[in-house]
Amino acid sequence: MMKLYAMPRSGNCYKVAWMLRLLKVPHQIVTTSILDGSTKSPAFMDKNPNGQVPLLELEDGRFLAESGAMLLYLAETQKSFLPPTDDPFQRAKVFEWMFFEQYSHEPSIAVRRANVIFQRPCDDAKMKQLLDKGHHALGVMERQLATTPFLTGPDFSVADIALYAYTHVAAEGEFELTRFPHVQTWLQRIQGMPGYVDMDSCLQEETFVPTI
Ligand SMILES: N[C@@H](CCC(=O)N[C@@H](CS)C(=O)NCC(=O)O)C(=O)O
């Protein structure tokens, strides 16, 4: 069975745990947290020298770091939520949004939220900069979602999973989601989809075995 090393309340971990649930892949959540130092333990650093969660351990013992790489691996192996290789442009649009998430969205929205919820010290000027950058990223999503139901068009993809994870909790970082009505409608659309599972449920330390 696959193991996902993950911590509660982490959007990066949620992306992968939710994908595993959506695909009905049996897996075990192994809680490994930045809060108790376990992501920096020698045993964990042997598994992921970058000392970060999420980390996916495949059935054969190989490890995969980086949430985006895990989403793409699972999408590829399960043939779900990723356009086929004979549609390289549409496939690249999925990558475009995933790279946007890692460079323009997560570094402001996830970091500011973590500063707030974990009460990490950060000066006012930096907090203001993170707020402005996060609102800019939400504005980019708003423009796209004004024209299509999902980020890359009519179909739900791993790009929506990647961007949903921190957008749906952006208010915890004091981002004003009410300024982005199409983003809010997209969040509700995803929450109404079959197989939707919330962050807390996905990241509980347990073994998930699908019933059907
Ligand atoms: N780019 C990575 C980011 C992962 C990340 O930032 N993980 C956080 C928890 S949400 C972490 O482990 N931080 C500890 C550290 O960076 O030392 C991904 O998408 O998986």
# chains A, B, ... in the order shown; residues from 1 in each chain; ligands from 1
>>> closest_atom_pairs(of="chain A", to="ligand 1", cutoff="7 Å", atoms="only C-alpha atoms and all ligand atoms", output="JSON lines")
{"residue": "A:Ser10", "atom": "CA", "partner": "ligand 1", "partner_atom_place_in_ligand_line": "10 (S)", "distance": 4.7}
{"residue": "A:Gly11", "atom": "CA", "partner": "ligand 1", "partner_atom_place_in_ligand_line": "10 (S)", "distance": 6.3}
{"residue": "A:Asn12", "atom": "CA", "partner": "ligand 1", "partner_atom_place_in_ligand_line": "10 (S)", "distance": 5.2}
{"residue": "A:Cys13", "atom": "CA", "partner": "ligand 1", "partner_atom_place_in_ligand_line": "10 (S)", "distance": 6.5}
{"residue": "A:Ile34", "atom": "CA", "partner": "ligand 1", "partner_atom_place_in_ligand_line": "14 (C)", "distance": 5.6}
{"residue": "A:Thr39", "atom": "CA", "partner": "ligand 1", "partner_atom_place_in_ligand_line": "12 (O)", "distance": 6.5}
{"residue": "A:Gly51", "atom": "CA", "partner": "ligand 1", "partner_atom_place_in_ligand_line": "17 (O)", "distance": 5.6}
{"residue": "A:Gln52", "atom": "CA", "partner": "ligand 1", "partner_atom_place_in_ligand_line": "12 (O)", "distance": 3.2}
{"residue": "A:Val53", "atom": "CA", "partner": "ligand 1", "partner_atom_place_in_ligand_line": "12 (O)", "distance": 4.1}
{"residue": "A:Pro54", "atom": "CA", "partner": "ligand 1", "partner_atom_place_in_ligand_line": "20 (O)", "distance": 5.5}
{"residue": "A:Ala65", "atom": "CA", "partner": "ligand 1", "partner_atom_place_in_ligand_line": "20 (O)", "distance": 6.3}
{"residue": "A:Glu66", "atom": "CA", "partner": "ligand 1", "partner_atom_place_in_ligand_line": "20 (O)", "distance": 3.5}
{"residue": "A:Ser67", "atom": "CA", "partner": "ligand 1", "partner_atom_place_in_ligand_line": "20 (O)", "distance": 3.8}
{"residue": "A:Gly68", "atom": "CA", "partner": "ligand 1", "partner_atom_place_in_ligand_line": "19 (O)", "distance": 5.8}
{"residue": "A:Gln102", "atom": "CA", "partner": "ligand 1", "partner_atom_place_in_ligand_line": "1 (N)", "distance": 6.4}
>>> select_by_dssp(residues="range 55-122 of chain A", states="strand (DSSP E or B)", output="ChimeraX atom specification")
/A:55-57,63-65
>>> write_last_selection(atoms="N, CA, C and O atoms", output="short mmCIF file (atom, residue, chain, number, x, y, z; two decimals), in the first residue's frame")
data_model
loop_
_atom_site.label_atom_id
_atom_site.label_comp_id
_atom_site.auth_asym_id
_atom_site.auth_seq_id
_atom_site.Cartn_x
_atom_site.Cartn_y
_atom_site.Cartn_z
N LEU A 55 5.31 13.64 1.17
CA LEU A 55 6.22 12.70 0.54
C LEU A 55 5.43 11.41 0.31
O LEU A 55 4.76 10.93 1.22
N LEU A 56 5.51 10.91 -0.91
CA LEU A 56 4.75 9.69 -1.25
C LEU A 56 5.71 8.52 -1.35
O LEU A 56 6.72 8.61 -2.06
N GLU A 57 5.39 7.46 -0.63
CA GLU A 57 6.17 6.21 -0.74
C GLU A 57 5.34 5.22 -1.54
O GLU A 57 4.22 4.87 -1.13
N PHE A 63 10.41 6.69 -3.44
CA PHE A 63 9.82 7.90 -2.88
C PHE A 63 9.64 8.96 -3.95
O PHE A 63 10.46 9.08 -4.88
N LEU A 64 8.60 9.76 -3.78
CA LEU A 64 8.35 10.90 -4.67
C LEU A 64 8.04 12.11 -3.80
O LEU A 64 7.12 12.07 -2.97
N ALA A 65 8.83 13.19 -4.00
CA ALA A 65 8.56 14.46 -3.30
C ALA A 65 7.91 15.42 -4.28
O ALA A 65 7.82 15.14 -5.47
#
>>> closest_residue(among="A:Leu71, A:Leu177, A:Ile117, A:Met2", to="His136 in chain A", atoms="only C-alpha atoms")
A:Leu177
>>> select_by_dssp(residues="range 52-151 of chain A", states="helix (DSSP H, G or I)", output="number ranges by chain")
A: 67-78, 88-117, 124-145
>>> closest_residue(among="A:Ser104, A:Asn48, A:Thr77, A:Thr207", to="Ala17 in chain A", atoms="only C-alpha atoms")
A:Thr207
>>> atom_distance(atom1="CA of Asp87 in chain A", atom2="CA of Thr152 in chain A")
12.8 Å
>>> atom_distance(atom1="CA of Phe175 in chain A", atom2="CA of Pro107 in chain A")
13.6 Å
>>> closest_residue(among="A:Met7, A:Leu131, A:Ala162, A:Leu145", to="Pro181 in chain A", atoms="only C-alpha atoms")
A:Leu145
>>> decode(residues="range 33-69 of chain A", atoms="N, CA, C and O atoms", output="PDB file, in the first residue's frame")
ATOM      1  N   SER A  33       5.312  16.105  10.815  1.00  0.00           N
ATOM      2  CA  SER A  33       4.914  17.510  10.889  1.00  0.00           C
ATOM      3  C   SER A  33       6.096  18.457  11.045  1.00  0.00           C
ATOM      4  O   SER A  33       7.096  18.128  11.692  1.00  0.00           O
ATOM      5  N   ILE A  34       5.911  19.670  10.499  1.00  0.00           N
ATOM      6  CA  ILE A  34       6.904  20.731  10.727  1.00  0.00           C
ATOM      7  C   ILE A  34       6.797  21.252  12.166  1.00  0.00           C
ATOM      8  O   ILE A  34       7.729  21.859  12.667  1.00  0.00           O
ATOM      9  N   LEU A  35       5.663  20.991  12.819  1.00  0.00           N
ATOM     10  CA  LEU A  35       5.434  21.586  14.143  1.00  0.00           C
ATOM     11  C   LEU A  35       6.183  20.861  15.250  1.00  0.00           C
ATOM     12  O   LEU A  35       6.569  21.469  16.253  1.00  0.00           O
ATOM     13  N   ASP A  36       6.399  19.536  15.095  1.00  0.00           N
ATOM     14  CA  ASP A  36       7.134  18.796  16.133  1.00  0.00           C
ATOM     15  C   ASP A  36       8.549  18.422  15.673  1.00  0.00           C
ATOM     16  O   ASP A  36       9.234  17.652  16.342  1.00  0.00           O
ATOM     17  N   GLY A  37       8.955  18.953  14.512  1.00  0.00           N
ATOM     18  CA  GLY A  37      10.318  18.710  14.034  1.00  0.00           C
ATOM     19  C   GLY A  37      10.493  17.388  13.303  1.00  0.00           C
ATOM     20  O   GLY A  37      11.606  17.071  12.855  1.00  0.00           O
ATOM     21  N   SER A  38       9.418  16.623  13.148  1.00  0.00           N
ATOM     22  CA  SER A  38       9.629  15.276  12.565  1.00  0.00           C
ATOM     23  C   SER A  38       9.984  15.323  11.078  1.00  0.00           C
ATOM     24  O   SER A  38      10.559  14.363  10.557  1.00  0.00           O
ATOM     25  N   THR A  39       9.695  16.453  10.376  1.00  0.00           N
ATOM     26  CA  THR A  39      10.129  16.534   8.968  1.00  0.00           C
ATOM     27  C   THR A  39      11.646  16.723   8.861  1.00  0.00           C
ATOM     28  O   THR A  39      12.206  16.599   7.774  1.00  0.00           O
ATOM     29  N   LYS A  40      12.280  17.034   9.998  1.00  0.00           N
ATOM     30  CA  LYS A  40      13.743  17.235   9.970  1.00  0.00           C
ATOM     31  C   LYS A  40      14.480  16.114  10.721  1.00  0.00           C
ATOM     32  O   LYS A  40      15.678  16.209  10.958  1.00  0.00           O
ATOM     33  N   SER A  41      13.749  15.051  11.085  1.00  0.00           N
ATOM     34  CA  SER A  41      14.418  13.943  11.784  1.00  0.00           C
ATOM     35  C   SER A  41      15.340  13.220  10.803  1.00  0.00           C
ATOM     36  O   SER A  41      15.063  13.181   9.596  1.00  0.00           O
ATOM     37  N   PRO A  42      16.449  12.653  11.301  1.00  0.00           N
ATOM     38  CA  PRO A  42      17.352  11.936  10.387  1.00  0.00           C
ATOM     39  C   PRO A  42      16.631  10.845   9.594  1.00  0.00           C
ATOM     40  O   PRO A  42      16.897  10.683   8.391  1.00  0.00           O
ATOM     41  N   ALA A  43      15.704  10.148  10.228  1.00  0.00           N
ATOM     42  CA  ALA A  43      15.007   9.061   9.518  1.00  0.00           C
ATOM     43  C   ALA A  43      14.189   9.615   8.362  1.00  0.00           C
ATOM     44  O   ALA A  43      14.162   9.036   7.261  1.00  0.00           O
ATOM     45  N   PHE A  44      13.532  10.764   8.589  1.00  0.00           N
ATOM     46  CA  PHE A  44      12.726  11.333   7.502  1.00  0.00           C
ATOM     47  C   PHE A  44      13.617  11.969   6.434  1.00  0.00           C
ATOM     48  O   PHE A  44      13.339  11.844   5.233  1.00  0.00           O
ATOM     49  N   MET A  45      14.703  12.626   6.866  1.00  0.00           N
ATOM     50  CA  MET A  45      15.611  13.257   5.895  1.00  0.00           C
ATOM     51  C   MET A  45      16.254  12.211   4.971  1.00  0.00           C
ATOM     52  O   MET A  45      16.609  12.519   3.842  1.00  0.00           O
ATOM     53  N   ASP A  46      16.386  10.970   5.470  1.00  0.00           N
ATOM     54  CA  ASP A  46      16.882   9.897   4.596  1.00  0.00           C
ATOM     55  C   ASP A  46      15.882   9.613   3.473  1.00  0.00           C
ATOM     56  O   ASP A  46      16.263   9.232   2.368  1.00  0.00           O
ATOM     57  N   LYS A  47      14.597   9.800   3.789  1.00  0.00           N
ATOM     58  CA  LYS A  47      13.548   9.549   2.788  1.00  0.00           C
ATOM     59  C   LYS A  47      13.411  10.741   1.850  1.00  0.00           C
ATOM     60  O   LYS A  47      13.240  10.592   0.648  1.00  0.00           O
ATOM     61  N   ASN A  48      13.418  11.967   2.414  1.00  0.00           N
ATOM     62  CA  ASN A  48      13.335  13.189   1.605  1.00  0.00           C
ATOM     63  C   ASN A  48      14.382  14.185   2.112  1.00  0.00           C
ATOM     64  O   ASN A  48      14.134  14.900   3.092  1.00  0.00           O
ATOM     65  N   PRO A  49      15.525  14.247   1.452  1.00  0.00           N
ATOM     66  CA  PRO A  49      16.596  15.137   1.919  1.00  0.00           C
ATOM     67  C   PRO A  49      16.196  16.606   1.969  1.00  0.00           C
ATOM     68  O   PRO A  49      16.870  17.410   2.596  1.00  0.00           O
ATOM     69  N   ASN A  50      15.082  16.965   1.340  1.00  0.00           N
ATOM     70  CA  ASN A  50      14.591  18.347   1.401  1.00  0.00           C
ATOM     71  C   ASN A  50      13.801  18.610   2.688  1.00  0.00           C
ATOM     72  O   ASN A  50      13.433  19.750   2.980  1.00  0.00           O
ATOM     73  N   GLY A  51      13.515  17.570   3.454  1.00  0.00           N
ATOM     74  CA  GLY A  51      12.870  17.744   4.759  1.00  0.00           C
ATOM     75  C   GLY A  51      11.485  18.350   4.685  1.00  0.00           C
ATOM     76  O   GLY A  51      11.097  19.130   5.558  1.00  0.00           O
ATOM     77  N   GLN A  52      10.729  17.998   3.645  1.00  0.00           N
ATOM     78  CA  GLN A  52       9.375  18.562   3.494  1.00  0.00           C
ATOM     79  C   GLN A  52       8.345  17.455   3.331  1.00  0.00           C
ATOM     80  O   GLN A  52       8.645  16.384   2.798  1.00  0.00           O
ATOM     81  N   VAL A  53       7.128  17.775   3.761  1.00  0.00           N
ATOM     82  CA  VAL A  53       5.958  16.970   3.398  1.00  0.00           C
ATOM     83  C   VAL A  53       5.146  17.793   2.395  1.00  0.00           C
ATOM     84  O   VAL A  53       5.246  19.031   2.433  1.00  0.00           O
ATOM     85  N   PRO A  54       4.383  17.133   1.522  1.00  0.00           N
ATOM     86  CA  PRO A  54       4.123  15.706   1.449  1.00  0.00           C
ATOM     87  C   PRO A  54       5.297  14.939   0.835  1.00  0.00           C
ATOM     88  O   PRO A  54       6.099  15.488   0.092  1.00  0.00           O
ATOM     89  N   LEU A  55       5.306  13.643   1.172  1.00  0.00           N
ATOM     90  CA  LEU A  55       6.222  12.695   0.544  1.00  0.00           C
ATOM     91  C   LEU A  55       5.431  11.413   0.306  1.00  0.00           C
ATOM     92  O   LEU A  55       4.756  10.926   1.217  1.00  0.00           O
ATOM     93  N   LEU A  56       5.507  10.906  -0.910  1.00  0.00           N
ATOM     94  CA  LEU A  56       4.748   9.694  -1.252  1.00  0.00           C
ATOM     95  C   LEU A  56       5.708   8.521  -1.353  1.00  0.00           C
ATOM     96  O   LEU A  56       6.722   8.607  -2.063  1.00  0.00           O
ATOM     97  N   GLU A  57       5.385   7.462  -0.633  1.00  0.00           N
ATOM     98  CA  GLU A  57       6.172   6.213  -0.743  1.00  0.00           C
ATOM     99  C   GLU A  57       5.338   5.219  -1.538  1.00  0.00           C
ATOM    100  O   GLU A  57       4.222   4.874  -1.130  1.00  0.00           O
ATOM    101  N   LEU A  58       5.855   4.809  -2.679  1.00  0.00           N
ATOM    102  CA  LEU A  58       5.122   3.863  -3.531  1.00  0.00           C
ATOM    103  C   LEU A  58       5.169   2.464  -2.924  1.00  0.00           C
ATOM    104  O   LEU A  58       5.964   2.194  -2.013  1.00  0.00           O
ATOM    105  N   GLU A  59       4.358   1.579  -3.472  1.00  0.00           N
ATOM    106  CA  GLU A  59       4.272   0.203  -2.937  1.00  0.00           C
ATOM    107  C   GLU A  59       5.630  -0.488  -2.983  1.00  0.00           C
ATOM    108  O   GLU A  59       5.928  -1.336  -2.145  1.00  0.00           O
ATOM    109  N   ASP A  60       6.466  -0.126  -3.976  1.00  0.00           N
ATOM    110  CA  ASP A  60       7.767  -0.796  -4.119  1.00  0.00           C
ATOM    111  C   ASP A  60       8.876  -0.103  -3.327  1.00  0.00           C
ATOM    112  O   ASP A  60      10.054  -0.446  -3.477  1.00  0.00           O
ATOM    113  N   GLY A  61       8.521   0.895  -2.508  1.00  0.00           N
ATOM    114  CA  GLY A  61       9.517   1.524  -1.643  1.00  0.00           C
ATOM    115  C   GLY A  61      10.188   2.758  -2.235  1.00  0.00           C
ATOM    116  O   GLY A  61      10.980   3.409  -1.560  1.00  0.00           O
ATOM    117  N   ARG A  62       9.864   3.102  -3.493  1.00  0.00           N
ATOM    118  CA  ARG A  62      10.439   4.331  -4.054  1.00  0.00           C
ATOM    119  C   ARG A  62       9.692   5.544  -3.493  1.00  0.00           C
ATOM    120  O   ARG A  62       8.507   5.453  -3.147  1.00  0.00           O
ATOM    121  N   PHE A  63      10.407   6.685  -3.443  1.00  0.00           N
ATOM    122  CA  PHE A  63       9.824   7.904  -2.878  1.00  0.00           C
ATOM    123  C   PHE A  63       9.640   8.965  -3.952  1.00  0.00           C
ATOM    124  O   PHE A  63      10.459   9.084  -4.882  1.00  0.00           O
ATOM    125  N   LEU A  64       8.605   9.762  -3.778  1.00  0.00           N
ATOM    126  CA  LEU A  64       8.355  10.901  -4.667  1.00  0.00           C
ATOM    127  C   LEU A  64       8.038  12.111  -3.797  1.00  0.00           C
ATOM    128  O   LEU A  64       7.121  12.074  -2.967  1.00  0.00           O
ATOM    129  N   ALA A  65       8.827  13.192  -3.995  1.00  0.00           N
ATOM    130  CA  ALA A  65       8.562  14.457  -3.301  1.00  0.00           C
ATOM    131  C   ALA A  65       7.906  15.423  -4.283  1.00  0.00           C
ATOM    132  O   ALA A  65       7.818  15.137  -5.471  1.00  0.00           O
ATOM    133  N   GLU A  66       7.435  16.547  -3.765  1.00  0.00           N
ATOM    134  CA  GLU A  66       6.778  17.628  -4.517  1.00  0.00           C
ATOM    135  C   GLU A  66       5.337  17.236  -4.877  1.00  0.00           C
ATOM    136  O   GLU A  66       5.092  16.335  -5.696  1.00  0.00           O
ATOM    137  N   SER A  67       4.412  17.992  -4.305  1.00  0.00           N
ATOM    138  CA  SER A  67       2.987  17.668  -4.494  1.00  0.00           C
ATOM    139  C   SER A  67       2.597  17.630  -5.971  1.00  0.00           C
ATOM    140  O   SER A  67       1.818  16.764  -6.389  1.00  0.00           O
ATOM    141  N   GLY A  68       3.130  18.568  -6.769  1.00  0.00           N
ATOM    142  CA  GLY A  68       2.768  18.600  -8.185  1.00  0.00           C
ATOM    143  C   GLY A  68       3.235  17.346  -8.915  1.00  0.00           C
ATOM    144  O   GLY A  68       2.520  16.798  -9.763  1.00  0.00           O
ATOM    145  N   ALA A  69       4.426  16.874  -8.566  1.00  0.00           N
ATOM    146  CA  ALA A  69       4.947  15.650  -9.198  1.00  0.00           C
ATOM    147  C   ALA A  69       4.082  14.455  -8.818  1.00  0.00           C
ATOM    148  O   ALA A  69       3.804  13.572  -9.650  1.00  0.00           O
TER     149      ALA A  69
END
